[in-house]
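Pasted below: upload.txt, compact mmCIF, C-alpha atoms.
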```txt
# COMPACT_ATOMS: atom_id res chain seq x y z
CA MET A 17 -18.10 -34.84 -13.44
CA LYS A 18 -19.98 -38.12 -13.43
CA PRO A 19 -18.03 -41.09 -12.05
CA LEU A 20 -18.34 -43.09 -15.29
CA THR A 21 -17.14 -40.08 -17.29
CA ARG A 22 -14.03 -40.02 -15.11
CA ASP A 23 -13.56 -43.76 -15.68
CA TRP A 24 -13.72 -43.25 -19.47
CA ALA A 25 -11.17 -40.43 -19.19
CA GLU A 26 -8.82 -42.55 -17.06
CA LYS A 27 -8.96 -45.38 -19.60
CA ALA A 28 -8.27 -42.86 -22.37
CA GLU A 29 -5.25 -41.53 -20.49
CA GLY A 30 -3.89 -45.06 -20.17
CA ASP A 31 -4.01 -45.46 -23.94
CA PHE A 32 -2.43 -42.05 -24.43
CA LEU A 33 0.44 -42.88 -22.08
CA VAL A 34 1.14 -46.12 -23.96
CA ALA A 35 1.15 -44.35 -27.34
CA ALA A 36 3.41 -41.56 -26.06
CA GLN A 37 5.81 -44.03 -24.42
CA ILE A 38 6.11 -46.04 -27.62
CA MET A 39 6.96 -42.94 -29.61
CA ARG A 40 9.56 -41.74 -27.07
CA ARG A 41 11.59 -44.93 -27.43
CA ARG A 42 14.78 -44.81 -29.46
CA LYS A 43 14.57 -48.50 -30.34
CA GLN A 44 11.81 -51.04 -30.78
CA ARG A 45 9.09 -48.55 -31.59
CA VAL A 46 5.96 -50.47 -32.50
CA TYR A 47 4.24 -48.02 -34.85
CA ASP A 48 1.17 -50.23 -35.28
CA ALA A 49 0.56 -50.18 -31.53
CA ALA A 50 1.18 -46.44 -31.27
CA CYS A 51 -1.42 -45.76 -33.96
CA PHE A 52 -3.92 -48.12 -32.34
CA HIS A 53 -3.52 -46.54 -28.90
CA CYS A 54 -3.90 -43.04 -30.38
CA GLN A 55 -7.22 -44.10 -31.91
CA GLN A 56 -8.31 -45.73 -28.65
CA THR A 57 -7.44 -42.59 -26.69
CA ILE A 58 -9.79 -40.46 -28.74
CA GLU A 59 -12.52 -43.08 -28.93
CA LYS A 60 -12.63 -43.23 -25.14
CA TYR A 61 -12.43 -39.45 -24.72
CA PHE A 62 -15.28 -38.96 -27.21
CA LYS A 63 -17.34 -41.52 -25.32
CA ALA A 64 -16.51 -39.75 -22.04
CA ARG A 65 -17.79 -36.46 -23.47
CA LEU A 66 -20.91 -38.12 -24.86
CA PHE A 67 -21.63 -39.80 -21.54
CA GLU A 68 -21.10 -36.56 -19.63
CA ALA A 69 -23.57 -34.81 -21.95
CA GLY A 70 -26.11 -37.61 -21.47
CA LEU A 71 -25.97 -38.55 -25.15
CA PRO A 72 -26.30 -42.22 -26.13
CA PHE A 73 -23.70 -43.75 -28.39
CA PRO A 74 -23.34 -47.05 -30.22
CA LYS A 75 -20.57 -49.59 -29.84
CA THR A 76 -18.31 -48.35 -32.58
CA HIS A 77 -14.67 -47.57 -33.26
CA ASP A 78 -15.61 -44.98 -35.89
CA LEU A 79 -14.48 -41.64 -34.52
CA VAL A 80 -16.35 -39.70 -37.20
CA VAL A 81 -19.63 -41.29 -36.09
CA LEU A 82 -18.86 -40.38 -32.47
CA LEU A 83 -17.80 -36.86 -33.45
CA HIS A 84 -21.06 -36.30 -35.32
CA LEU A 85 -22.97 -37.35 -32.20
CA LEU A 86 -21.03 -34.70 -30.26
CA LEU A 87 -21.72 -31.82 -32.65
CA PRO A 88 -25.00 -30.75 -30.97
CA VAL A 89 -23.03 -29.97 -27.78
CA GLU A 90 -19.66 -29.17 -29.36
CA PRO A 91 -20.45 -27.65 -32.79
CA LEU A 92 -16.96 -26.20 -33.26
CA TRP A 93 -15.51 -29.70 -33.18
CA LYS A 94 -16.63 -30.14 -36.78
CA ALA A 95 -13.16 -28.78 -37.61
CA TYR A 96 -11.66 -31.96 -36.13
CA GLU A 97 -13.39 -34.24 -38.62
CA PRO A 98 -10.24 -34.80 -40.75
CA SER A 99 -8.27 -35.78 -37.64
CA ALA A 100 -11.04 -38.11 -36.46
CA LYS A 101 -11.23 -39.69 -39.90
CA GLY A 102 -7.46 -40.14 -40.01
CA LEU A 103 -7.39 -41.88 -36.64
CA THR A 104 -10.41 -44.10 -37.26
CA GLU A 105 -8.59 -46.44 -39.63
CA TYR A 106 -6.10 -47.31 -36.89
CA ALA A 107 -8.76 -49.08 -34.83
CA VAL A 108 -8.35 -52.18 -36.98
CA SER A 109 -6.06 -51.71 -39.99
CA PHE A 110 -2.71 -52.43 -38.34
CA ARG A 111 -3.86 -55.04 -35.86
CA TYR A 112 -3.59 -57.89 -38.34
CA PRO A 113 -0.97 -59.04 -40.85
CA GLY A 114 -0.81 -57.38 -44.22
CA ASP A 115 -0.25 -53.74 -43.42
CA ASN A 116 2.18 -51.95 -41.13
CA ALA A 117 2.25 -48.40 -39.85
CA THR A 118 5.18 -46.19 -40.74
CA LEU A 119 7.02 -43.71 -38.56
CA ALA A 120 5.29 -40.87 -40.43
CA GLU A 121 1.85 -42.39 -39.80
CA ALA A 122 2.60 -42.90 -36.12
CA ARG A 123 3.83 -39.32 -35.74
CA LEU A 124 0.72 -37.98 -37.46
CA ALA A 125 -1.54 -40.19 -35.33
CA LEU A 126 0.10 -38.84 -32.17
CA LYS A 127 -0.25 -35.27 -33.43
CA TYR A 128 -3.98 -35.77 -34.09
CA CYS A 129 -4.35 -37.54 -30.77
CA ARG A 130 -2.67 -34.76 -28.78
CA SER A 131 -4.86 -32.11 -30.40
CA LEU A 132 -8.16 -33.92 -29.92
CA ARG A 133 -7.24 -35.06 -26.42
CA ALA A 134 -6.50 -31.48 -25.34
CA GLU A 135 -9.84 -30.27 -26.69
CA VAL A 136 -11.88 -32.99 -24.99
CA ARG A 137 -10.03 -32.59 -21.70
CA ARG A 138 -10.70 -28.84 -21.80
CA SER A 139 -14.38 -29.51 -22.48
CA LEU A 140 -14.57 -31.92 -19.55
CA GLY A 141 -12.87 -29.42 -17.22
CA LEU A 142 -9.77 -31.58 -16.84
CA LYS A 143 -6.34 -30.04 -16.44
CA SER A 144 -3.91 -30.14 -19.32
CA LYS A 145 -1.20 -32.72 -18.95
```
Translate the structure described by the file into structure tokens.
Amino acid sequence: MKPLTRDWAEKAEGDFLVAAQIMRRRKQRVYDAACFHCQQTIEKYFKARLFEAGLPFPKTHDLVVLLHLLLPVEPLWKAYEPSAKGLTEYAVSFRYPGDNATLAEARLALKYCRSLRAEVRRSLGLKSK
């Protein structure tokens, strides 16, 4: 694995750990932050996979755009488009006043995140955690 790919994956794992820790709390769960970190996890893992494949990618938070760039090397990932679309909105939507994530949204974001994370890690040859 390329060193920068590993760096992307390590950053992604940091976001995943934060999201998972938030959702394990009994009190003071910050659903907005959990959703954001789920989105960031997958954004960074997608960019890790793109980098490893030698595919260029734009500066974007849109997971569907990144997923479509991955389809030439991971065609079966097309099935993950609904999950990528669902997570994409969390890059920005809850970071500012006016809208707040719910427990249900945070749980769904973590579910999507876990699924996509496992698939990308498998593709990169990383052990399941």
Exercise. Between A:Val136, A:Ile58, A:Cys51, A:Ala107, which is the closest to Val89 of chain A once you count only C-alpha atoms?
Worked result: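 Smallest separation from Val89 of chain A among the options: A:Val136.
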Exercise. Near Ser131 of chain A, within 12 Å and counting only C-alpha atoms, which residues show up once chain neighbours fewer than 6 positions away are dropped, as a list in words?
Worked result: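 My reading of the contact set: Phe32, Cys54, Thr57, Ile58, Tyr61, Trp93, Ala95, Tyr96, Pro98, Ser99, Ala100, Leu103, Leu124, Ala125, Arg137, Arg138 and Ser144 of chain A.
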Exercise. Atom CA of Pro113 of chain A and atom CA of Arg130 of chain A are how many Å apart?
Worked result: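 According to the coordinates, atom CA of Pro113 of chain A and atom CA of Arg130 of chain A are separated by 27.2 Å.
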Exercise. For the atom pair atom CA of Gly30 of chain A and atom CA of Gly70 of chain A, what is the interatomic distance in Å to one decimal place?
Worked result: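 Computed distance, atom CA of Gly30 of chain A to atom CA of Gly70 of chain A, equals 23.5 Å.
Between atom CA of Thr118 of chain A and atom CA of Ala25 of chain A the interatomic distance comes to 27.7 Å.
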Would you place a box with edges along x, y and z of the file around all atoms of segment 73-80 of chain A listed there, add 4 Å to each of its six sides, and report the centre and edge lengths in Å to one decimal, as JSON?
```
{"center_x": -19.1, "center_y": -44.6, "center_z": -32.8, "size_x": 17.2, "size_y": 17.9, "size_z": 16.8}
```
Mind checking which residues fall within 10 Å of segment 37-42 of chain A, counting all atoms listed in the file, ignoring those fewer than 5 positions away in the same chain, and posting them as a CSV table (one decimal) with C-alpha atoms, in the coordinates of the input?
```
chain,number,residue,atom,x,y,z
A,31,ASP,CA,-4.0,-45.5,-23.9
A,32,PHE,CA,-2.4,-42.0,-24.4
A,47,TYR,CA,4.2,-48.0,-34.8
A,49,ALA,CA,0.6,-50.2,-31.5
A,50,ALA,CA,1.2,-46.4,-31.3
A,51,CYS,CA,-1.4,-45.8,-34.0
A,53,HIS,CA,-3.5,-46.5,-28.9
A,119,LEU,CA,7.0,-43.7,-38.6
A,122,ALA,CA,2.6,-42.9,-36.1
A,123,ARG,CA,3.8,-39.3,-35.7
A,126,LEU,CA,0.1,-38.8,-32.2
```
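Using only C-alpha atoms for every distance, the candidate list A:Pro72, A:Ser109, A:Gln44, A:Ala64 yields A:Ala64 as the residue closest to Leu142 of chain A.
Using all atoms listed in the file, the smallest distance between any of A:Leu87, A:Gly102, A:Asp48, A:Gln56 and Leu71 of chain A comes from A:Leu87.
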Problem set entry | Nearest to Pro19 of chain A by atom-to-atom distance, counting only C-alpha atoms, from A:Tyr106, A:Phe67, A:Tyr128, A:Phe62 |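 Among A:Tyr106, A:Phe67, A:Tyr128, A:Phe62, it is A:Phe67 that comes nearest to Pro19 of chain A.
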Problem set entry | Proximity to Lys75 of chain A - best of A:Pro88, A:Ala134, A:Thr21, A:Lys60, only C-alpha atoms |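 Among the listed residues, A:Lys60 lies closest to Lys75 of chain A.
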